[in-house]
Amino acid sequence: MKTSSYRTVVTALFTLLVLCFEGTAAFAEEIQLKDLQPTLSGRLLRSATWPEGDVALILHGTLSHRDTEIIQSLETLLGDEGVSTLAINLSLGIDNRRGAFACDSLHTHREDDAGQELARWSRWLFNEGARNITAVGHSRGANQLARYIEDSEDHHLKRLVLIAPPQWSWEESRRAYMTRHNGALEDLLAEAETRIAAGKGDTAMPGNVGLLYCDKTQATAASFASYYRRDPLRDTPTVLAQLPMPMLVIAGSDDQIAAGLAAAMAERAPTVSVQEIDGADHFFRDLYADELVEIAIDFMRSDP
């Protein structure tokens, strides 16, 4: 394996997993990037064609991690098709983060941290020799990938597969915040922005607030504002309408979290390819995962 200033590879300590398929083997390695702080953690499963063949960079959803069912299913099923996979964890402000983010922790992470960390992983893959990289994101991770590419114009990533990406509107965001957290989002956001303007963005908001899936938690003003500011690019169809690269959106007909996604894509990003899987919910469990990967493989191996 080539030496790179962008990573430290922990290979000799242990082999996490061996997957045998079609006469080949994919070996899982724990990858750590220590070029900057925080240290980032990912899991690389190399197929027989690594690094020259198909490679998928996989990103999880909100406050989640690479060991959830949908991410592990993607690794296994893509591996069965000879695709090498790198499933990463966003740090969420935690050095070498592994499992789910604990809601009783202070939230210091910001949404735009995702783009900075994706850039580090993209460089690492490129420096390892990967040239046919498809970025795969689930839920919020799908939107974060799209926004990263829109902002960075990363030429290392050749294709984009977005699984159940979110839609957004300010009115829906306000309504959902009140329903889940019983608070006025506009008042809390104004408080956060006031603190940031006063140079106190890294101080905690007063009392407990709701942040994403966490109820009555502690968050810095900068963290809170980063996830709730008015930003049309939170709406994935809006972002995708601006991107020139080959893209595929996969939706579930029974998805209650990203409900109405196929219709929204047709309205706001009609040139983007969309496949809706009948009966699938937000997490594409069991046989729906097989169908999802079949669709993704066909897209990855089609002509641009």
# chains A, B, ... in the order shown; residues from 1 in each chain; ligands from 1

$ residues_around --residues "Arg268 (chain A)" --least-positions-apart "2" --cutoff "8 Å" --atoms "only C-alpha atoms" --output "list in words"
Pro237, Thr238, Ala241, Ala264, Met265, Ala266 and Pro270 of chain A

$ select_by_dssp --residues "region 171-282 of chain A" --states "strand (DSSP E or B)" --output "MDAnalysis selection string"
chainID A and resid 204 209:211 214:217 219:220 247:252 273:277

$ write_last_selection --atoms "N, CA and C atoms" --output "mmCIF file, in the first residue's frame"
data_model
loop_
_atom_site.group_PDB
_atom_site.id
_atom_site.type_symbol
_atom_site.label_atom_id
_atom_site.label_comp_id
_atom_site.auth_asym_id
_atom_site.auth_seq_id
_atom_site.Cartn_x
_atom_site.Cartn_y
_atom_site.Cartn_z
ATOM 1 N N ALA A 204 -22.144 27.516 24.934
ATOM 2 C CA ALA A 204 -23.397 26.755 24.879
ATOM 3 C C ALA A 204 -24.600 27.687 24.902
ATOM 4 N N VAL A 209 -31.736 22.655 24.664
ATOM 5 C CA VAL A 209 -32.411 22.892 23.395
ATOM 6 C C VAL A 209 -32.565 21.552 22.683
ATOM 7 N N GLY A 210 -33.400 21.533 21.680
ATOM 8 C CA GLY A 210 -33.472 20.378 20.811
ATOM 9 C C GLY A 210 -32.534 20.569 19.641
ATOM 10 N N LEU A 211 -31.816 19.522 19.283
ATOM 11 C CA LEU A 211 -30.932 19.578 18.119
ATOM 12 C C LEU A 211 -31.043 18.267 17.357
ATOM 13 N N CYS A 214 -31.878 14.874 18.978
ATOM 14 C CA CYS A 214 -31.616 14.953 20.421
ATOM 15 C C CYS A 214 -32.551 15.960 21.084
ATOM 16 N N ASP A 215 -33.296 15.510 22.093
ATOM 17 C CA ASP A 215 -34.196 16.371 22.846
ATOM 18 C C ASP A 215 -33.498 16.860 24.103
ATOM 19 N N LYS A 216 -33.735 18.117 24.451
ATOM 20 C CA LYS A 216 -33.226 18.693 25.705
ATOM 21 C C LYS A 216 -31.738 18.392 25.876
ATOM 22 N N THR A 217 -30.974 18.861 24.934
ATOM 23 C CA THR A 217 -29.540 18.627 24.936
ATOM 24 C C THR A 217 -28.806 19.954 25.035
ATOM 25 N N ALA A 219 -25.944 22.467 23.248
ATOM 26 C CA ALA A 219 -25.309 22.732 21.955
ATOM 27 C C ALA A 219 -24.717 24.128 21.954
ATOM 28 N N THR A 220 -23.562 24.273 21.303
ATOM 29 C CA THR A 220 -23.011 25.617 21.138
ATOM 30 C C THR A 220 -23.878 26.393 20.153
ATOM 31 N N MET A 247 -25.773 11.491 -11.696
ATOM 32 C CA MET A 247 -26.389 11.360 -10.374
ATOM 33 C C MET A 247 -27.576 10.411 -10.440
ATOM 34 N N LEU A 248 -27.782 9.687 -9.353
ATOM 35 C CA LEU A 248 -28.934 8.812 -9.206
ATOM 36 C C LEU A 248 -29.530 9.018 -7.825
ATOM 37 N N VAL A 249 -30.835 9.210 -7.773
ATOM 38 C CA VAL A 249 -31.562 9.290 -6.507
ATOM 39 C C VAL A 249 -32.432 8.045 -6.382
ATOM 40 N N ILE A 250 -32.344 7.381 -5.227
ATOM 41 C CA ILE A 250 -33.153 6.190 -4.967
ATOM 42 C C ILE A 250 -34.107 6.507 -3.814
ATOM 43 N N ALA A 251 -35.389 6.350 -4.067
ATOM 44 C CA ALA A 251 -36.421 6.667 -3.083
ATOM 45 C C ALA A 251 -37.202 5.404 -2.737
ATOM 46 N N GLY A 252 -37.852 5.422 -1.577
ATOM 47 C CA GLY A 252 -38.749 4.347 -1.172
ATOM 48 C C GLY A 252 -40.181 4.845 -1.187
ATOM 49 N N SER A 273 -31.731 11.330 -12.686
ATOM 50 C CA SER A 273 -32.346 10.005 -12.709
ATOM 51 C C SER A 273 -32.854 9.635 -11.322
ATOM 52 N N VAL A 274 -34.102 9.187 -11.241
ATOM 53 C CA VAL A 274 -34.727 8.801 -9.973
ATOM 54 C C VAL A 274 -35.321 7.407 -10.126
ATOM 55 N N GLN A 275 -35.051 6.548 -9.147
ATOM 56 C CA GLN A 275 -35.656 5.222 -9.093
ATOM 57 C C GLN A 275 -36.376 5.080 -7.760
ATOM 58 N N GLU A 276 -37.653 4.757 -7.801
ATOM 59 C CA GLU A 276 -38.438 4.548 -6.576
ATOM 60 C C GLU A 276 -38.687 3.061 -6.404
ATOM 61 N N ILE A 277 -38.344 2.538 -5.217
ATOM 62 C CA ILE A 277 -38.528 1.121 -4.918
ATOM 63 C C ILE A 277 -39.847 0.947 -4.180
#

$ residues_around --residues "Pro232 (chain A)" --least-positions-apart "2" --cutoff "8 Å" --atoms "only C-alpha atoms" --output "PyMOL selection string"
chain A and resi 168-169+230+234-235+238

$ residues_around --residues "region 43-52 of chain A" --least-positions-apart "4" --cutoff "7 Å" --atoms "only C-alpha atoms" --output "PyMOL selection string"
chain A and resi 24-31+79+82-88+129-131

$ residues_around --residues "Ala190 (chain A)" --least-positions-apart "6" --cutoff "10 Å" --atoms "only C-alpha atoms" --output "list in words"
Ile196, Ala221, Ala225 and Arg229 of chain A

$ closest_residue --among "A:Asn96, A:Val239, A:Arg174, A:Ser226" --to "Asp151 (chain A)" --atoms "only C-alpha atoms"
A:Val239

$ select_by_dssp --residues "region 115-233 of chain A" --states "alpha helix (DSSP H)" --output "number ranges by chain"
A: 115-127, 140-152, 170-181, 185-197, 221-228

$ closest_residue --among "A:Leu106, A:Leu33, A:Leu212, A:Ala184" --to "Leu90 (chain A)" --atoms "only C-alpha atoms"
A:Leu33

$ residues_around --residues "Ala280 (chain A)" --least-positions-apart "6" --cutoff "12 Å" --atoms "only C-alpha atoms" --output "list in words"
Ile163, Ala164, Ile250, Ala251, Gly252, Ser253, Asp254, Asp255, Gln256, Ile257, Ala258, Ala259, Asp286, Leu287, Tyr288, Ala289, Asp290, Glu291 and Leu292 of chain A

$ write_last_selection --atoms "C-alpha atoms" --output "PDB file, in the first residue's frame"
ATOM      1  CA  ILE A 163     -30.451   7.226  -1.004  1.00  0.00           C
ATOM      2  CA  ALA A 164     -33.560   8.859   0.498  1.00  0.00           C
ATOM      3  CA  ILE A 250     -33.153   6.190  -4.967  1.00  0.00           C
ATOM      4  CA  ALA A 251     -36.421   6.667  -3.083  1.00  0.00           C
ATOM      5  CA  GLY A 252     -38.749   4.347  -1.172  1.00  0.00           C
ATOM      6  CA  SER A 253     -42.474   4.523  -1.856  1.00  0.00           C
ATOM      7  CA  ASP A 254     -43.248   3.974   1.859  1.00  0.00           C
ATOM      8  CA  ASP A 255     -40.607   6.376   3.196  1.00  0.00           C
ATOM      9  CA  GLN A 256     -42.283   8.615   5.784  1.00  0.00           C
ATOM     10  CA  ILE A 257     -39.097  10.572   6.536  1.00  0.00           C
ATOM     11  CA  ALA A 258     -38.347  11.600   2.943  1.00  0.00           C
ATOM     12  CA  ALA A 259     -41.978  11.410   1.830  1.00  0.00           C
ATOM     13  CA  ASP A 286     -33.912  -6.961   3.752  1.00  0.00           C
ATOM     14  CA  LEU A 287     -34.736  -7.580   0.074  1.00  0.00           C
ATOM     15  CA  TYR A 288     -35.174  -3.859  -0.538  1.00  0.00           C
ATOM     16  CA  ALA A 289     -31.442  -3.472   0.054  1.00  0.00           C
ATOM     17  CA  ASP A 290     -30.759  -6.028  -2.691  1.00  0.00           C
ATOM     18  CA  GLU A 291     -32.948  -4.091  -5.103  1.00  0.00           C
ATOM     19  CA  LEU A 292     -31.303  -0.826  -4.104  1.00  0.00           C
TER      20      LEU A 292
END

$ closest_residue --among "A:Ala198, A:Ile133, A:Ala222, A:Leu78" --to "Thr108 (chain A)" --atoms "only C-alpha atoms"
A:Ala222
